[in-house]
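Have a look at work07.txt; it's compact mmCIF, C-alpha atoms (C1' of nucleotides):
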# COMPACT_ATOMS: atom_id res chain seq x y z
CA MET A 1 180.36 97.71 52.12
CA VAL A 2 177.90 100.53 52.58
CA SER A 3 176.14 99.27 55.66
CA ARG A 4 173.74 101.71 57.21
CA ALA A 5 173.57 99.50 60.26
CA ASP A 6 177.09 100.62 61.10
CA PRO A 7 177.03 104.28 62.12
CA ASP A 8 180.80 104.62 61.76
CA VAL A 9 180.92 103.99 58.07
CA GLN A 10 178.87 106.47 56.21
CA THR A 11 178.72 107.47 52.61
CA PRO A 12 177.41 110.97 52.13
CA PRO A 13 174.08 110.79 53.96
CA ASP A 14 172.34 112.60 51.15
CA ALA A 15 173.35 109.94 48.66
CA GLN A 16 172.16 107.08 50.81
CA GLY A 17 168.90 108.81 51.57
CA GLU A 18 168.35 109.39 47.89
CA VAL A 19 169.06 105.79 47.02
CA ASP A 20 166.50 104.65 49.57
CA ARG A 21 163.93 107.12 48.38
CA ILE A 22 164.41 106.25 44.72
CA PHE A 23 164.20 102.57 45.50
CA GLU A 24 161.04 102.97 47.52
CA THR A 25 159.47 105.09 44.82
CA VAL A 26 160.23 102.56 42.12
CA VAL A 27 158.64 99.83 44.21
CA TYR A 28 155.66 102.03 44.91
CA LEU A 29 155.13 102.96 41.26
CA TYR A 30 155.45 99.36 40.14
CA THR A 31 153.05 98.09 42.77
CA GLU A 32 150.45 100.70 41.97
CA SER A 33 150.59 100.22 38.23
CA ARG A 34 150.07 96.54 38.77
CA ARG A 35 147.16 97.18 41.05
CA VAL A 36 145.52 99.38 38.41
CA THR A 37 145.93 96.74 35.70
CA LYS A 38 144.38 94.21 38.00
CA ALA A 39 141.42 96.46 38.79
CA LEU A 40 140.80 97.09 35.09
CA ALA A 41 140.94 93.38 34.30
CA ARG A 42 138.60 92.62 37.12
CA GLN A 43 135.84 94.68 35.54
CA HIS A 44 135.82 92.08 32.77
CA GLY A 45 136.06 89.11 35.06
CA LEU A 46 139.70 88.30 34.48
CA THR A 47 143.09 88.81 36.04
CA GLY A 48 145.93 91.18 35.22
CA PRO A 49 148.22 88.64 33.52
CA GLN A 50 145.29 87.28 31.54
CA VAL A 51 144.55 90.69 30.08
CA THR A 52 148.23 91.19 29.33
CA ALA A 53 148.33 87.85 27.53
CA LEU A 54 145.20 88.61 25.50
CA LYS A 55 146.55 92.00 24.50
CA ILE A 56 149.77 90.40 23.28
CA LEU A 57 147.93 87.65 21.41
CA GLU A 58 145.60 90.24 19.91
CA GLY A 59 148.61 91.77 18.21
CA PHE A 60 150.15 88.53 16.97
CA GLY A 61 147.16 86.33 16.25
CA ALA A 62 148.80 83.27 17.77
CA LEU A 63 152.05 82.51 19.56
CA SER A 64 153.83 79.48 20.90
CA LEU A 65 153.85 79.19 24.65
CA SER A 66 157.54 80.05 24.72
CA GLU A 67 157.03 83.14 22.61
CA LEU A 68 154.17 84.25 24.81
CA SER A 69 156.19 83.76 27.97
CA ALA A 70 159.06 85.76 26.46
CA HIS A 71 156.73 88.65 25.70
CA MET A 72 155.41 88.51 29.24
CA SER A 73 158.82 88.28 30.90
CA ALA A 74 157.84 85.16 32.78
CA LYS A 75 158.92 81.52 32.86
CA ASN A 76 157.24 78.88 30.71
CA SER A 77 155.95 77.03 33.75
CA THR A 78 154.18 80.17 34.91
CA ILE A 79 152.55 80.74 31.55
CA THR A 80 151.42 77.12 31.38
CA GLY A 81 149.28 77.77 34.43
CA ILE A 82 147.89 81.03 33.10
CA VAL A 83 147.02 79.42 29.78
CA ASP A 84 145.40 76.50 31.63
CA ARG A 85 142.99 78.84 33.35
CA MET A 86 142.36 80.89 30.21
CA GLU A 87 141.61 77.73 28.25
CA ARG A 88 139.28 76.57 31.01
CA ASP A 89 137.46 79.92 30.77
CA GLY A 90 137.21 79.79 26.97
CA LEU A 91 139.56 82.69 26.31
CA VAL A 92 142.20 80.83 24.29
CA THR A 93 142.78 77.47 22.62
CA ARG A 94 145.84 75.23 22.49
CA GLU A 95 146.84 73.70 19.15
CA ARG A 96 149.74 71.30 18.76
CA SER A 97 151.95 72.46 15.91
CA THR A 98 152.15 70.08 12.96
CA ALA A 99 155.53 71.40 11.86
CA ASP A 100 157.14 70.76 15.27
CA ARG A 101 155.07 68.59 17.51
CA ARG A 102 156.78 69.86 20.63
CA VAL A 103 155.30 73.29 20.08
CA VAL A 104 151.87 74.44 21.23
CA HIS A 105 150.19 77.43 19.59
CA ILE A 106 148.08 79.62 21.84
CA ARG A 107 145.26 81.34 19.99
CA PRO A 108 142.60 83.65 21.40
CA THR A 109 138.97 82.60 20.94
CA GLU A 110 136.28 84.94 19.70
CA ARG A 111 135.38 85.66 23.29
CA GLY A 112 139.01 86.29 24.13
CA ARG A 113 139.43 88.72 21.26
CA SER A 114 136.29 90.66 22.07
CA ILE A 115 137.35 91.05 25.69
CA ALA A 116 140.83 92.16 24.62
CA ALA A 117 139.22 94.79 22.43
CA ALA A 118 136.92 95.94 25.22
CA VAL A 119 139.62 96.49 27.82
CA PRO A 120 141.17 99.92 27.35
CA VAL A 121 144.84 99.86 26.44
CA THR A 122 145.65 101.72 29.54
CA ALA A 123 147.40 99.37 31.83
CA MET A 124 149.12 102.49 32.77
CA GLU A 125 146.38 104.98 32.14
CA MET A 126 146.83 106.46 35.57
CA PHE A 127 150.55 106.15 35.37
CA GLY A 128 150.58 107.87 32.01
CA ALA A 129 148.32 110.63 33.23
CA ALA A 130 150.61 111.26 36.18
CA LEU A 131 153.60 111.37 33.84
CA SER A 132 151.79 113.79 31.57
CA SER A 133 151.37 116.16 34.44
CA LEU A 134 155.14 116.49 34.67
CA SER A 135 156.69 119.36 32.79
CA PRO A 136 158.11 118.23 29.43
CA ARG A 137 161.58 119.05 30.67
CA ASP A 138 161.18 116.94 33.80
CA ARG A 139 159.74 114.11 31.77
CA SER A 140 162.61 113.99 29.33
CA GLU A 141 165.09 114.32 32.19
CA LEU A 142 163.42 111.38 33.88
CA THR A 143 163.63 109.34 30.69
CA ARG A 144 167.27 110.18 30.25
CA ILE A 145 168.34 109.44 33.82
CA LEU A 146 166.35 106.23 34.14
CA GLY A 147 167.88 105.12 30.86
CA ILE A 148 171.37 105.60 32.25
CA LEU A 149 170.40 103.79 35.40
CA ALA A 150 168.97 100.80 33.57
CA GLU A 151 172.10 100.64 31.43
CA ARG A 152 174.30 100.56 34.54
CA VAL A 153 172.19 97.81 36.05
CA ARG A 154 172.44 95.80 32.84
CA GLU A 155 176.22 96.13 32.89
CA ARG A 156 176.33 94.89 36.44
CA ILE A 157 174.19 91.90 35.63
CA ALA A 158 176.48 91.01 32.75
CA ASN A 159 179.47 91.17 35.11
CA GLU A 160 177.73 89.11 37.71
CA GLU A 161 177.08 86.35 35.20
CA ALA A 162 180.67 86.43 34.02
CA LEU A 163 181.80 85.92 37.61
CA ALA A 164 179.26 83.26 38.44
CA ASP A 165 181.83 80.43 38.60
CA THR A 166 184.09 82.25 41.06
CA ASN A 167 181.37 81.87 43.66
CA PRO A 168 182.72 79.55 46.38
CA GLY A 169 179.22 78.64 47.55
CA ASP A 170 178.50 77.91 51.21
CA MET B 1 141.60 108.86 26.57
CA VAL B 2 145.10 108.37 25.27
CA SER B 3 144.55 105.17 23.36
CA ARG B 4 147.47 104.08 21.24
CA ALA B 5 145.25 101.48 19.62
CA ASP B 6 143.53 104.28 17.74
CA PRO B 7 145.95 105.81 15.23
CA ASP B 8 143.75 108.87 14.74
CA VAL B 9 144.09 110.14 18.25
CA GLN B 10 147.67 110.80 19.10
CA THR B 11 149.31 112.75 21.84
CA PRO B 12 152.73 114.08 20.91
CA PRO B 13 154.58 110.90 19.90
CA ASP B 14 157.60 111.86 21.93
CA ALA B 15 155.56 112.03 25.09
CA GLN B 16 153.98 108.64 24.52
CA GLY B 17 157.31 107.09 23.72
CA GLU B 18 158.73 108.51 26.90
CA VAL B 19 155.85 107.19 28.96
CA ASP B 20 156.41 103.73 27.54
CA ARG B 21 160.13 103.88 28.12
CA ILE B 22 159.77 105.11 31.69
CA PHE B 23 157.20 102.45 32.42
CA GLU B 24 159.35 99.70 30.99
CA THR B 25 162.36 100.90 32.91
CA VAL B 26 160.49 100.98 36.19
CA VAL B 27 159.30 97.43 35.62
CA TYR B 28 162.78 96.34 34.65
CA LEU B 29 164.43 97.90 37.68
CA TYR B 30 161.85 96.44 40.02
CA THR B 31 162.10 92.96 38.55
CA GLU B 32 165.88 92.93 38.64
CA SER B 33 166.16 94.22 42.18
CA ARG B 34 163.80 91.50 43.27
CA ARG B 35 165.75 88.83 41.47
CA VAL B 36 168.97 89.98 43.11
CA THR B 37 167.41 90.00 46.56
CA LYS B 38 166.15 86.50 46.01
CA ALA B 39 169.54 85.22 44.88
CA LEU B 40 171.25 86.81 47.87
CA ALA B 41 168.70 85.39 50.29
CA ARG B 42 169.03 81.96 48.82
CA GLN B 43 172.68 81.79 49.79
CA HIS B 44 171.49 81.86 53.40
CA GLY B 45 168.63 79.45 52.93
CA LEU B 46 165.82 81.95 53.00
CA THR B 47 163.56 83.82 50.61
CA GLY B 48 163.62 87.40 49.36
CA PRO B 49 160.75 88.73 51.46
CA GLN B 50 162.17 86.99 54.54
CA VAL B 51 165.46 88.82 54.17
CA THR B 52 163.64 92.07 53.56
CA ALA B 53 161.62 91.54 56.72
CA LEU B 54 164.70 90.71 58.80
CA LYS B 55 166.51 93.78 57.49
CA ILE B 56 163.59 95.99 58.46
CA LEU B 57 163.25 94.37 61.88
CA GLU B 58 167.00 94.69 62.38
CA GLY B 59 166.60 98.44 62.17
CA PHE B 60 163.58 98.72 64.44
CA GLY B 61 164.13 95.94 66.97
CA ALA B 62 160.49 94.91 66.87
CA LEU B 63 157.39 95.94 64.95
CA SER B 64 153.72 95.11 64.98
CA LEU B 65 152.56 93.02 62.09
CA SER B 66 150.76 96.01 60.58
CA GLU B 67 153.84 98.18 60.83
CA LEU B 68 155.93 95.49 59.20
CA SER B 69 153.47 95.04 56.37
CA ALA B 70 153.40 98.81 55.78
CA HIS B 71 157.18 98.89 55.50
CA MET B 72 157.04 96.03 53.05
CA SER B 73 154.22 97.48 50.93
CA ALA B 74 152.16 94.33 51.34
CA LYS B 75 148.83 93.36 52.91
CA ASN B 76 148.56 92.03 56.43
CA SER B 77 147.32 88.67 55.21
CA THR B 78 150.47 88.29 53.12
CA ILE B 79 152.76 89.16 56.01
CA THR B 80 150.93 86.78 58.31
CA GLY B 81 152.03 83.95 56.06
CA ILE B 82 155.60 85.15 55.81
CA VAL B 83 155.84 85.53 59.58
CA ASP B 84 154.34 82.06 60.00
CA ARG B 85 157.15 80.51 58.01
CA MET B 86 159.81 82.65 59.66
CA GLU B 87 158.52 81.67 63.08
CA ARG B 88 158.52 78.03 62.05
CA ASP B 89 162.15 78.41 60.97
CA GLY B 90 163.17 80.14 64.19
CA LEU B 91 163.90 83.52 62.63
CA VAL B 92 161.35 85.61 64.55
CA THR B 93 158.99 85.35 67.50
CA ARG B 94 155.43 86.59 67.99
CA GLU B 95 154.52 88.36 71.21
CA ARG B 96 151.03 89.54 72.03
CA SER B 97 151.15 93.17 73.15
CA THR B 98 150.05 93.79 76.73
CA ALA B 99 149.12 97.39 76.01
CA ASP B 100 146.75 96.44 73.19
CA ARG B 101 145.95 92.78 73.06
CA ARG B 102 144.98 92.94 69.39
CA VAL B 103 148.55 93.76 68.47
CA VAL B 104 151.30 91.22 67.83
CA HIS B 105 154.94 92.24 68.06
CA ILE B 106 157.31 90.56 65.64
CA ARG B 107 160.84 90.30 67.00
CA PRO B 108 163.87 88.70 65.36
CA THR B 109 165.55 85.85 67.20
CA GLU B 110 169.29 85.63 67.72
CA ARG B 111 169.49 83.45 64.65
CA GLY B 112 167.38 85.92 62.71
CA ARG B 113 169.61 88.82 63.70
CA SER B 114 172.81 87.04 62.83
CA ILE B 115 171.50 86.13 59.41
CA ALA B 116 170.33 89.68 58.83
CA ALA B 117 173.81 90.87 59.71
CA ALA B 118 175.44 88.31 57.43
CA VAL B 119 173.43 89.19 54.35
CA PRO B 120 175.03 92.12 52.59
CA VAL B 121 173.13 95.31 52.92
CA THR B 122 170.15 94.15 51.06
CA ALA B 123 168.50 94.19 48.06
CA MET B 124 169.74 97.06 46.36
CA GLU B 125 173.43 96.71 46.65
CA MET B 126 173.64 96.50 42.89
CA PHE B 127 170.90 99.01 42.51
CA GLY B 128 172.67 101.38 44.89
CA ALA B 129 175.96 100.95 43.10
CA ALA B 130 174.32 101.79 39.81
CA LEU B 131 172.74 104.86 41.37
CA SER B 132 176.08 105.92 42.79
CA SER B 133 177.51 105.94 39.32
CA LEU B 134 175.09 108.68 38.36
CA SER B 135 176.34 112.22 38.70
CA PRO B 136 175.15 113.85 41.94
CA ARG B 137 173.10 116.26 39.91
CA ASP B 138 171.34 113.51 37.97
CA ARG B 139 170.74 111.61 41.15
CA SER B 140 169.08 114.49 42.91
CA GLU B 141 167.09 115.31 39.78
CA LEU B 142 165.90 111.73 39.69
CA THR B 143 164.89 111.90 43.34
CA ARG B 144 163.03 115.13 42.78
CA ILE B 145 161.15 114.04 39.67
CA LEU B 146 160.23 110.61 40.98
CA GLY B 147 158.96 112.31 44.11
CA ILE B 148 156.65 114.51 42.06
CA LEU B 149 155.50 111.51 40.08
CA ALA B 150 154.70 109.46 43.16
CA GLU B 151 152.81 112.41 44.60
CA ARG B 152 150.68 112.69 41.45
CA VAL B 153 149.93 108.98 41.54
CA ARG B 154 148.92 109.25 45.18
CA GLU B 155 146.55 112.09 44.34
CA ARG B 156 144.95 110.03 41.61
CA ILE B 157 144.47 107.11 43.93
CA ALA B 158 142.80 109.39 46.46
CA ASN B 159 140.46 110.70 43.76
CA GLU B 160 139.71 107.23 42.54
CA GLU B 161 138.64 106.21 46.03
CA ALA B 162 136.50 109.30 46.41
CA LEU B 163 134.70 108.38 43.19
CA ALA B 164 134.34 104.71 44.01
CA ASP B 165 130.58 104.91 44.61
CA THR B 166 129.85 106.56 41.26
CA ASN B 167 130.83 103.29 39.60
CA PRO B 168 127.71 101.84 37.96
CA GLY B 169 129.17 98.34 38.13
CA ASP B 170 128.80 95.83 35.30
C1' DA C 1 169.82 54.34 11.60
C1' DG C 2 170.67 55.45 16.18
C1' DC C 3 172.44 57.64 20.38
C1' DG C 4 172.96 61.62 23.07
C1' DA C 5 172.28 66.66 23.39
C1' DA C 6 169.07 70.27 22.84
C1' DT C 7 164.39 72.17 22.85
C1' DA C 8 159.28 72.78 24.13
C1' DT C 9 156.05 72.04 27.34
C1' DT C 10 154.15 70.20 31.55
C1' DT C 11 154.03 68.67 36.44
C1' DA C 12 154.98 69.11 41.34
C1' DG C 13 156.11 71.72 45.35
C1' DC C 14 156.88 75.91 47.72
C1' DG C 15 156.39 80.78 48.68
C1' DT C 16 154.37 84.96 47.89
C1' DC C 17 150.35 88.02 46.86
C1' DC C 18 145.62 89.48 47.19
C1' DG C 19 140.52 90.07 48.59
C1' DA C 20 136.82 88.58 51.47
C1' DA C 21 135.22 86.85 55.55
C1' DG C 22 135.92 85.59 60.48
C1' DT C 23 137.59 86.46 65.39
C1' DA C 24 139.17 89.17 69.11
C1' DT C 25 139.78 93.50 71.13
C1' DT C 26 139.35 98.44 71.64
C1' DC C 27 137.06 102.79 70.76
C1' DT C 28 132.75 105.75 70.38
C1' DT C 29 128.54 107.08 71.20
C1' DT C 30 124.73 107.37 73.65
C1' DA D 1 127.70 100.31 80.61
C1' DA D 2 126.05 98.34 76.31
C1' DA D 3 125.42 98.52 71.26
C1' DG D 4 127.85 99.45 67.21
C1' DA D 5 131.90 101.05 64.63
C1' DA D 6 136.68 100.61 64.04
C1' DT D 7 141.10 98.19 64.36
C1' DA D 8 144.55 94.18 64.39
C1' DC D 9 145.24 90.01 63.01
C1' DT D 10 144.17 85.33 60.99
C1' DT D 11 142.01 82.09 57.81
C1' DC D 12 140.57 80.66 53.35
C1' DG D 13 140.54 80.20 48.41
C1' DG D 14 142.49 81.52 44.07
C1' DA D 15 146.19 83.08 41.05
C1' DC D 16 150.93 84.10 40.14
C1' DG D 17 155.80 83.01 39.85
C1' DC D 18 159.84 80.37 40.46
C1' DT D 19 162.96 76.01 40.43
C1' DA D 20 163.67 71.24 39.60
C1' DA D 21 162.38 67.27 37.45
C1' DA D 22 159.58 64.61 34.01
C1' DT D 23 157.94 63.87 29.15
C1' DA D 24 157.91 64.27 24.34
C1' DT D 25 160.04 65.55 20.26
C1' DT D 26 163.68 67.18 17.28
C1' DC D 27 168.51 67.98 16.12
C1' DG D 28 173.46 66.70 15.49
C1' DC D 29 176.80 63.57 14.87
C1' DT D 30 178.80 59.38 13.66
The structure given in the file should be rewritten as structure tokens.
Amino acid sequence: MVSRADPDVQTPPDAQGEVDRIFETVVYLYTESRRVTKALARQHGLTGPQVTALKILEGFGALSLSELSAHMSAKNSTITGIVDRMERDGLVTRERSTADRRVVHIRPTERGRSIAAAVPVTAMEMFGAALSSLSPRDRSELTRILGILAERVRERIANEEALADTNPGD
Amino acid sequence: MVSRADPDVQTPPDAQGEVDRIFETVVYLYTESRRVTKALARQHGLTGPQVTALKILEGFGALSLSELSAHMSAKNSTITGIVDRMERDGLVTRERSTADRRVVHIRPTERGRSIAAAVPVTAMEMFGAALSSLSPRDRSELTRILGILAERVRERIANEEALADTNPGD
DNA sequence: AGCGAATATTTAGCGTCCGAAGTATTCTTT
DNA sequence: AAAGAATACTTCGGACGCTAAATATTCGCT
């Protein structure tokens, strides 16, 4: 119950201001890094997720759709659409697995592989450069603190799932 | 030129590992906060961005579409669509400004305000709680370092725009 | 063998997101 | 004051991204 809309109840104003600022910054950094990836991909006539997919496939050779979606942190139905468009554009092929006929293997074409090789690794080239400009001490502090933060968030998510059935629903 | 694909060229491995970890953490935190917002919004029959918009409007009373889109880190064309659906659902109204007839003021309706009030603080309740669990010193360090980082990224974006015309194009 | 549960992928529908182009209005410059 | 630049917003087309439901196949159990 830390409502900023209610002026009576106030946590230490510094803390709340910091939370807002950190949150905004995380959103900003994420948005910008995504924008950069997209711009890079665009120079080769494809989209951000397509480049991401090709880079992943480049490393593995071929993956099932489920494996690919796991690596991309997206749902299968989303990846189906992305693969549809990549197949249409001759970047990957679909092959039904003979071992398990439910499974589809996604494999990059020659064209797909050459584009993957041409795009610089740097999704986060700019991001990385900005990080490099931090002092080593600040950078390792950032790593340490963000690590703690992510761990806390993970704990909370685990709790939330454990309590899922206590939700009365509306 | 910090390509990890080339094993010959390597920046200090610690630094690169840190960059990767920080990047991953930022993505993780962003993704999770968005998922939580969405789940919260759903309990009231609306979407994540709609709740975000209502929360922002709750604080300001009314905003122009451009102001709203700036607060939401999205493009005007995106916000136009979101406002369309919110207007359709009776959550906000559009009013043409009399001072400058190009401007449209977005104002929450009674229904919109009551929903905004009903949804717990927002997005980052979980995120905020996790941040609160950090020591005050870590939290202010995080604020400081992220601030520097965002500033560096902003500088790079400014440079990038200044150099836009040197791009030979493909 | 066969029936139901589990798994892998796709389809359908909705809501973001963006960039480019279009419209209306205001500002600037002459 | 009128042409041209700038600003505010909308429209359009394409690509994600998600959930729910459909389809196909395999697994588990009797």
Next on the checklist: List the spatial neighbours of Ser77 of chain B as a ChimeraX atom specification - criterion: any atom at most 12 Å away, all atoms listed in the file, same-chain residues fewer than 6 positions off excluded.
Outcome noted: /B:65-66,68-70,83-84 /C:16-20 /D:8-12
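The spacing separating atom CA of Arg107 of chain A from atom CA of Thr93 of chain A amounts to 5.3 Å.
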Checklist entry - Given a cut-off of 10 Å, which residues of chain A touch chain D, counting all atoms listed in the file, written out as JSON, numbers by chain? => result {"A": [47, 48, 49, 74, 75, 77, 78, 79, 81, 82, 85, 100, 101, 102, 103]}
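When atom CA of Ser97 of chain A is paired with atom CA of Ser64 of chain A, their separation reads 8.8 Å.
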Next on the checklist: I want to know what sits within 10 Å of segment 113-119 of chain B, based on only C-alpha atoms (C1' of nucleotides), with residues of the same chain fewer than 6 positions away left out; could you give that as a VMD selection string?
Outcome noted: (chain A and resid 3 5) or (chain B and resid 37 40 to 41 43 to 46 50 to 58 61 91 to 92 107)
Near chain B, meaning an atom within 6 Å, which residues of chain A appear when counting all atoms listed in the file? Write them as a PDB file with C-alpha atoms, in the frame of the given file.
ATOM      1  CA  SER A   3     176.140  99.270  55.660  1.00  0.00           C
ATOM      2  CA  ILE A  22     164.410 106.250  44.720  1.00  0.00           C
ATOM      3  CA  ALA A 130     150.610 111.260  36.180  1.00  0.00           C
ATOM      4  CA  THR A 143     163.630 109.340  30.690  1.00  0.00           C
ATOM      5  CA  ARG A 152     174.300 100.560  34.540  1.00  0.00           C
ATOM      6  CA  VAL A 153     172.190  97.810  36.050  1.00  0.00           C
TER       7      VAL A 153
END
Checklist entry - Can you tell me how far atom CA of Arg94 of chain A sits from atom CA of Ile106 of chain A, in Å to one decimal? => result 5.0 Å
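Here the question is which of A:Arg88, A:Arg35, A:Arg137, A:Arg111 gets nearest to chain C using all atoms listed in the file, and that residue is A:Arg35.
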Next on the checklist: Taking all atoms listed in the file into account and nothing else, which residues of chain C lie no more than 8 Å away from chain A? Please answer as a PyMOL selection string.
Outcome noted: chain C and resi 8-10
